[in-house]
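Here the structure is laid out as structure tokens; the discussion comes afterwards.
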Amino acid sequence: MARCKRGCFSIREVSCGGEAKAAPLRLSHNVIAPASARLARNDERELRHSLCGSGFFDSASSVLWQEGEARSKTGRSELSMDDILEIMKSRRSIRRYKQKDVPDELLDKIMEAGRWSPSGDNAQPWRFIVVRDPEVKKAMGKIATEGSGRRFTAEYFTGHMQERFKGLKDEEKKARAFEKLRSGAVSSFLADAPVVIVVCAKLDVWDVPYDAAMATQNMQLMAHALGLGTCVVVAPVSDMRDDLKTMGLLNVPHGYKIVAPLAIGYPDESPNPRPRLPLEDIVFYEAFGERREK
Ligand SMILES: Cc1cc2nc3c(=O)[nH]c(=O)nc-3n(C[C@H](O)[C@H](O)[C@H](O)COP(=O)(O)O)c2cc1C
């Protein structure tokens with residue numbers, strides 16, 4: 001195990017989606033716990049433990065935690081490009097959580113990451129509602145289940161669902177997946193997430209959806225770096241009638257919109273990565289459709 005000279009904690013073996021990596025991943029201390037909001041000693045221990053248990057950092061003994069901030073001469077934290085990519089690539093949507101409380105300090109860091117997102121005209125239209133009340137989460141879970149049920153039933157009857165799952169050859173598995181989607185049960189987990197941060201946005205700015213999406217993704221990545229799992233669940237707001245119900249539930253005023261309820265908790269599953277399209281299919285040069293010459 002190597003201790004980073006610059007005040008980072010070092011991780012020797014990082015397992016990501018089954019790919020063991022020998023190269024050390026270095027995360028700066030201040031990414032996890034800046035001096036301005038340093039966690040209490042016990043919380044640090046807890047955090048270290050959660051990082052190891054998260055599936056992102058697999059080996060407890062491989063994590064070194066050191067006091068002090070890691071900053072380069074430019075004032076930027078010491079994260080290499082590979083580290084950042086690794087954080088992005090190893091994030092998964094998590095839908096099963098341990099029934100364990102998520103400390104406010106960690107939620108504050110997640111929302112701090114959201115606060116630093118870019119926005120058109122620097123309008124910062126995002127507002128975050130932290131929901132822990134089980135009754136409110138239960139009501140959101142019910143709306144989400146009904147909304148998903150309608151959406152996926154429509155997908156089924158239009159044939160889109162069959163198209164989406166055409167690669168799945170196991171018919172029993174496919175039938176189970178269809179049932180979970182059509183019943184809406186796929187989104188009921190929202191009720192069981194320890195915390196839901198509801199990302200809202202002010203509507204009278206130009207770039208609302210882009211701004212809110214940027215904040216949400218920053219928050220997902222920060223949560224992941226903290227050993228927490230997240231899942232964006234648009235199910236309770238994707239249909240206008242559901243949106244109104246959810247807004248009423250949370251007292252969201254006229255002039256704002258709920259963009260993305262974000263379920264958060266300690267992961268109780270480690271799903272395989274969902275497939276991604278290869279770069280050569282999605283990248284063009286100079287004009288749409290133009291591929292790089294080989
Ligand atoms: C805008 C958006 C809406 C989503 N809505 C839901 C949802 O309602 N329910 C759900 O279970 N997952 C939802 N997800 C999660 C996606 O299913 C997930 O991101 C996708 O399958 C890729 O998997 P990954 O996040 O693990 O890489 C949503 C994700 C995004 C970005």
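By order in the structure tokens, chains are A, B, ...; within a chain, residues start at 1; ligands start at 1, following the order shown.
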Quiz prompt | Shell around region 177-189 of chain A at 9 Å using only C-alpha atoms, local window under 5 positions removed, as an NGL selection string | solution = :A and (95-97 or 138 or 140-156 or 161-162 or 172 or 233 or 235-236 or 263)
Practice problem: Going by DSSP on the backbone, which bits of region 125-181 of chain A are helix (DSSP H, G or I)? Write them as number ranges by chain, please. | Solution: A: 134-157, 160-164, 171-181
How about saving the chosen residues, N, CA and C atoms kept, as a short mmCIF file (atom, residue, chain, number, x, y, z; two decimals), in the first residue's frame?
data_model
loop_
_atom_site.label_atom_id
_atom_site.label_comp_id
_atom_site.auth_asym_id
_atom_site.auth_seq_id
_atom_site.Cartn_x
_atom_site.Cartn_y
_atom_site.Cartn_z
N PRO A 134 -40.93 9.36 5.87
CA PRO A 134 -41.37 8.10 5.23
C PRO A 134 -42.73 8.23 4.56
N GLU A 135 -43.62 9.02 5.16
CA GLU A 135 -44.96 9.15 4.57
C GLU A 135 -44.90 9.85 3.20
N VAL A 136 -44.06 10.87 3.14
CA VAL A 136 -43.93 11.61 1.87
C VAL A 136 -43.26 10.72 0.82
N LYS A 137 -42.24 9.97 1.24
CA LYS A 137 -41.56 9.08 0.29
C LYS A 137 -42.52 7.98 -0.19
N LYS A 138 -43.36 7.52 0.75
CA LYS A 138 -44.33 6.48 0.38
C LYS A 138 -45.29 7.03 -0.69
N ALA A 139 -45.75 8.26 -0.47
CA ALA A 139 -46.67 8.87 -1.44
C ALA A 139 -45.97 9.07 -2.79
N MET A 140 -44.70 9.48 -2.74
CA MET A 140 -43.97 9.64 -4.00
C MET A 140 -43.78 8.29 -4.70
N GLY A 141 -43.50 7.27 -3.90
CA GLY A 141 -43.32 5.92 -4.44
C GLY A 141 -44.60 5.44 -5.14
N LYS A 142 -45.75 5.79 -4.55
CA LYS A 142 -47.04 5.37 -5.14
C LYS A 142 -47.25 6.09 -6.48
N ILE A 143 -46.99 7.38 -6.49
CA ILE A 143 -47.16 8.13 -7.74
C ILE A 143 -46.20 7.59 -8.80
N ALA A 144 -44.96 7.29 -8.36
CA ALA A 144 -43.95 6.77 -9.30
C ALA A 144 -44.39 5.43 -9.88
N THR A 145 -44.93 4.58 -9.02
CA THR A 145 -45.36 3.25 -9.46
C THR A 145 -46.48 3.37 -10.50
N GLU A 146 -47.46 4.23 -10.19
CA GLU A 146 -48.58 4.40 -11.13
C GLU A 146 -48.09 5.00 -12.46
N GLY A 147 -47.20 6.00 -12.35
CA GLY A 147 -46.68 6.66 -13.56
C GLY A 147 -45.90 5.69 -14.43
N SER A 148 -45.04 4.91 -13.79
CA SER A 148 -44.24 3.93 -14.55
C SER A 148 -45.15 2.90 -15.18
N GLY A 149 -46.16 2.47 -14.44
CA GLY A 149 -47.10 1.46 -14.94
C GLY A 149 -47.73 1.94 -16.25
N ARG A 150 -48.18 3.20 -16.25
CA ARG A 150 -48.81 3.73 -17.47
C ARG A 150 -47.80 3.82 -18.62
N ARG A 151 -46.61 4.34 -18.27
CA ARG A 151 -45.58 4.54 -19.31
C ARG A 151 -45.17 3.21 -19.95
N PHE A 152 -44.94 2.22 -19.09
CA PHE A 152 -44.43 0.96 -19.64
C PHE A 152 -45.53 0.12 -20.28
N THR A 153 -46.76 0.32 -19.83
CA THR A 153 -47.87 -0.36 -20.50
C THR A 153 -47.97 0.18 -21.93
N ALA A 154 -47.82 1.49 -22.05
CA ALA A 154 -47.85 2.09 -23.40
C ALA A 154 -46.68 1.56 -24.23
N GLU A 155 -45.51 1.46 -23.60
CA GLU A 155 -44.34 0.93 -24.33
C GLU A 155 -44.58 -0.49 -24.81
N TYR A 156 -45.28 -1.24 -23.96
CA TYR A 156 -45.53 -2.64 -24.30
C TYR A 156 -46.47 -2.74 -25.49
N PHE A 157 -47.56 -1.98 -25.41
CA PHE A 157 -48.57 -2.10 -26.46
C PHE A 157 -48.14 -1.45 -27.78
N HIS A 160 -42.53 -1.05 -28.33
CA HIS A 160 -41.19 -0.51 -28.03
C HIS A 160 -40.45 -1.36 -27.00
N MET A 161 -41.22 -1.89 -26.07
CA MET A 161 -40.57 -2.68 -25.02
C MET A 161 -39.96 -3.96 -25.62
N GLN A 162 -40.72 -4.61 -26.48
CA GLN A 162 -40.21 -5.84 -27.11
C GLN A 162 -38.94 -5.53 -27.91
N GLU A 163 -38.94 -4.36 -28.56
CA GLU A 163 -37.78 -3.96 -29.35
C GLU A 163 -36.56 -3.77 -28.43
N ARG A 164 -36.84 -3.09 -27.30
CA ARG A 164 -35.77 -2.79 -26.34
C ARG A 164 -35.15 -4.07 -25.76
N GLU A 171 -36.76 -16.34 -22.16
CA GLU A 171 -38.15 -15.88 -22.24
C GLU A 171 -38.77 -15.66 -20.87
N GLU A 172 -38.40 -16.52 -19.91
CA GLU A 172 -38.96 -16.36 -18.55
C GLU A 172 -38.49 -15.06 -17.93
N LYS A 173 -37.21 -14.79 -18.10
CA LYS A 173 -36.63 -13.56 -17.58
C LYS A 173 -37.30 -12.35 -18.22
N LYS A 174 -37.51 -12.47 -19.51
CA LYS A 174 -38.12 -11.38 -20.25
C LYS A 174 -39.54 -11.12 -19.74
N ALA A 175 -40.29 -12.19 -19.53
CA ALA A 175 -41.68 -12.05 -19.04
C ALA A 175 -41.68 -11.38 -17.67
N ARG A 176 -40.72 -11.77 -16.82
CA ARG A 176 -40.64 -11.16 -15.48
C ARG A 176 -40.33 -9.67 -15.59
N ALA A 177 -39.39 -9.35 -16.49
CA ALA A 177 -39.01 -7.94 -16.67
C ALA A 177 -40.20 -7.13 -17.17
N PHE A 178 -40.93 -7.68 -18.13
CA PHE A 178 -42.10 -6.97 -18.67
C PHE A 178 -43.12 -6.71 -17.57
N GLU A 179 -43.33 -7.73 -16.75
CA GLU A 179 -44.33 -7.61 -15.69
C GLU A 179 -43.92 -6.52 -14.69
N LYS A 180 -42.64 -6.51 -14.35
CA LYS A 180 -42.15 -5.51 -13.39
C LYS A 180 -42.32 -4.10 -13.96
N LEU A 181 -42.09 -3.98 -15.24
CA LEU A 181 -42.22 -2.67 -15.88
C LEU A 181 -43.69 -2.27 -16.02
#
Quiz prompt | Which residue of A:His224, A:Arg292, A:His254, A:Lys98 approaches ligand 1 most closely, using only C-alpha atoms and all ligand atoms | solution =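 Under the stated criterion, the closest residue is A:His224.
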Practice problem: Pick out the closest residue to ligand 1 from this set: A:Glu286, A:Asp281, A:Asp82, A:Asp239. Count only C-alpha atoms and all ligand atoms. | Solution: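 Using only C-alpha atoms and all ligand atoms, ligand 1 sits closest to A:Asp239.
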Self-check item: Separation of CA of Asn272 (chain A) from CA of Gln217 (chain A), in Å and rounded to one decimal
Solution: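 For CA of Asn272 (chain A) relative to CA of Gln217 (chain A), the distance reads 19.5 Å.
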Self-check item: Minimum-distance residue to Val232 (chain A), chosen among A:Gly248, A:Val283, A:Ile264, A:Lys257 (using only C-alpha atoms)
Solution: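 Under the stated criterion, the closest residue is A:Ile264.
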Region 79-180 of chain A near region 199-206 of chain A within 6 Å: what's each residue's closest atom pair and its distance in Å to one decimal, counting only C-alpha atoms, ordered by chain then ascending residue number, as CSV?
residue,atom,partner,partner_atom,distance
A:Pro125,CA,A:Lys202,CA,4.9
A:Trp126,CA,A:Ala201,CA,4.4
A:Arg127,CA,A:Cys200,CA,5.0
A:Phe128,CA,A:Val199,CA,4.8
Practice problem: Could you tell me which of A:Asp121, A:Glu86, A:Asp170, A:Glu112 comes closest to Val208 (chain A) if we count only C-alpha atoms? | Solution: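 Among the listed residues, the smallest separation from Val208 (chain A) belongs to A:Asp121.
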Quiz item: Using only C-alpha atoms, which residue out of A:Gly255, A:Lys294, A:Met219, A:Lys166 lies closest to Glu280 (chain A)?
Solution: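 Using only C-alpha atoms, Glu280 (chain A) sits closest to A:Lys294.
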Exercise. Mind listing the strand (DSSP E) residues of region 79-257 of chain A, per DSSP on the backbone, as a PyMOL selection string?
Key: chain A and resi 126-131+195-202+229-232+256-257
Quiz prompt | For CA of Thr246 (chain A) and CA of Thr216 (chain A), the interatomic separation in Å (one decimal) | solution =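 Separating CA of Thr246 (chain A) from CA of Thr216 (chain A) is a distance of 18.2 Å.
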Practice problem: Enter the distance from CA of Leu106 (chain A) to CA of Ala223 (chain A), in Å, rounded to one decimal. | Solution: 7.8 Å
Practice problem: Find, counting only C-alpha atoms and all ligand atoms, the residue in A:Arg276, A:Arg291, A:Lys109, A:Arg115 that gets nearest to ligand 1. | Solution: A:Arg276
Exercise. Excluding Val130 (chain A) and residues on its chain fewer than 5 positions from it, collect all residues at most 10 Å away from it, counting only C-alpha atoms, and give them as a VMD selection string.
Key: chain A and resid 104 107 111 195 to 199 261 to 262
I need the residues from that last selection saved to file as a short mmCIF file (atom, residue, chain, number, x, y, z; two decimals), in the first residue's frame (with C-alpha atoms), if you can.
data_model
loop_
_atom_site.label_atom_id
_atom_site.label_comp_id
_atom_site.auth_asym_id
_atom_site.auth_seq_id
_atom_site.Cartn_x
_atom_site.Cartn_y
_atom_site.Cartn_z
CA ASP A 104 -26.52 15.35 6.65
CA LEU A 107 -25.98 15.26 1.70
CA MET A 111 -25.72 19.46 -2.83
CA VAL A 195 -33.35 10.01 1.28
CA VAL A 196 -34.75 11.58 -1.86
CA ILE A 197 -33.28 14.87 -3.01
CA VAL A 198 -35.87 16.41 -5.27
CA VAL A 199 -34.18 18.64 -7.82
CA PRO A 261 -36.21 13.19 -7.82
CA LEU A 262 -32.87 11.62 -6.88
#
Exercise. Tell me, as number ranges by chain, which residues lie within 8 Å of Ile94 (chain A), counting only C-alpha atoms; anything in the same chain fewer than 5 positions away does not count.
Key: A: 229-231, 267, 269-271
Writing out the chosen residues with C-alpha atoms as an mmCIF file, in the first residue's frame:
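Listing of part-v8.cif after writing:
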data_model
loop_
_atom_site.group_PDB
_atom_site.id
_atom_site.type_symbol
_atom_site.label_atom_id
_atom_site.label_comp_id
_atom_site.auth_asym_id
_atom_site.auth_seq_id
_atom_site.Cartn_x
_atom_site.Cartn_y
_atom_site.Cartn_z
ATOM 1 C CA GLY A 229 -25.826 4.997 -4.501
ATOM 2 C CA THR A 230 -28.310 7.126 -6.406
ATOM 3 C CA CYS A 231 -30.982 6.771 -9.014
ATOM 4 C CA PRO A 267 -26.080 0.591 -1.966
ATOM 5 C CA GLU A 269 -26.756 -4.162 -4.665
ATOM 6 C CA SER A 270 -23.931 -3.913 -7.164
ATOM 7 C CA PRO A 271 -25.468 -4.100 -10.611
#
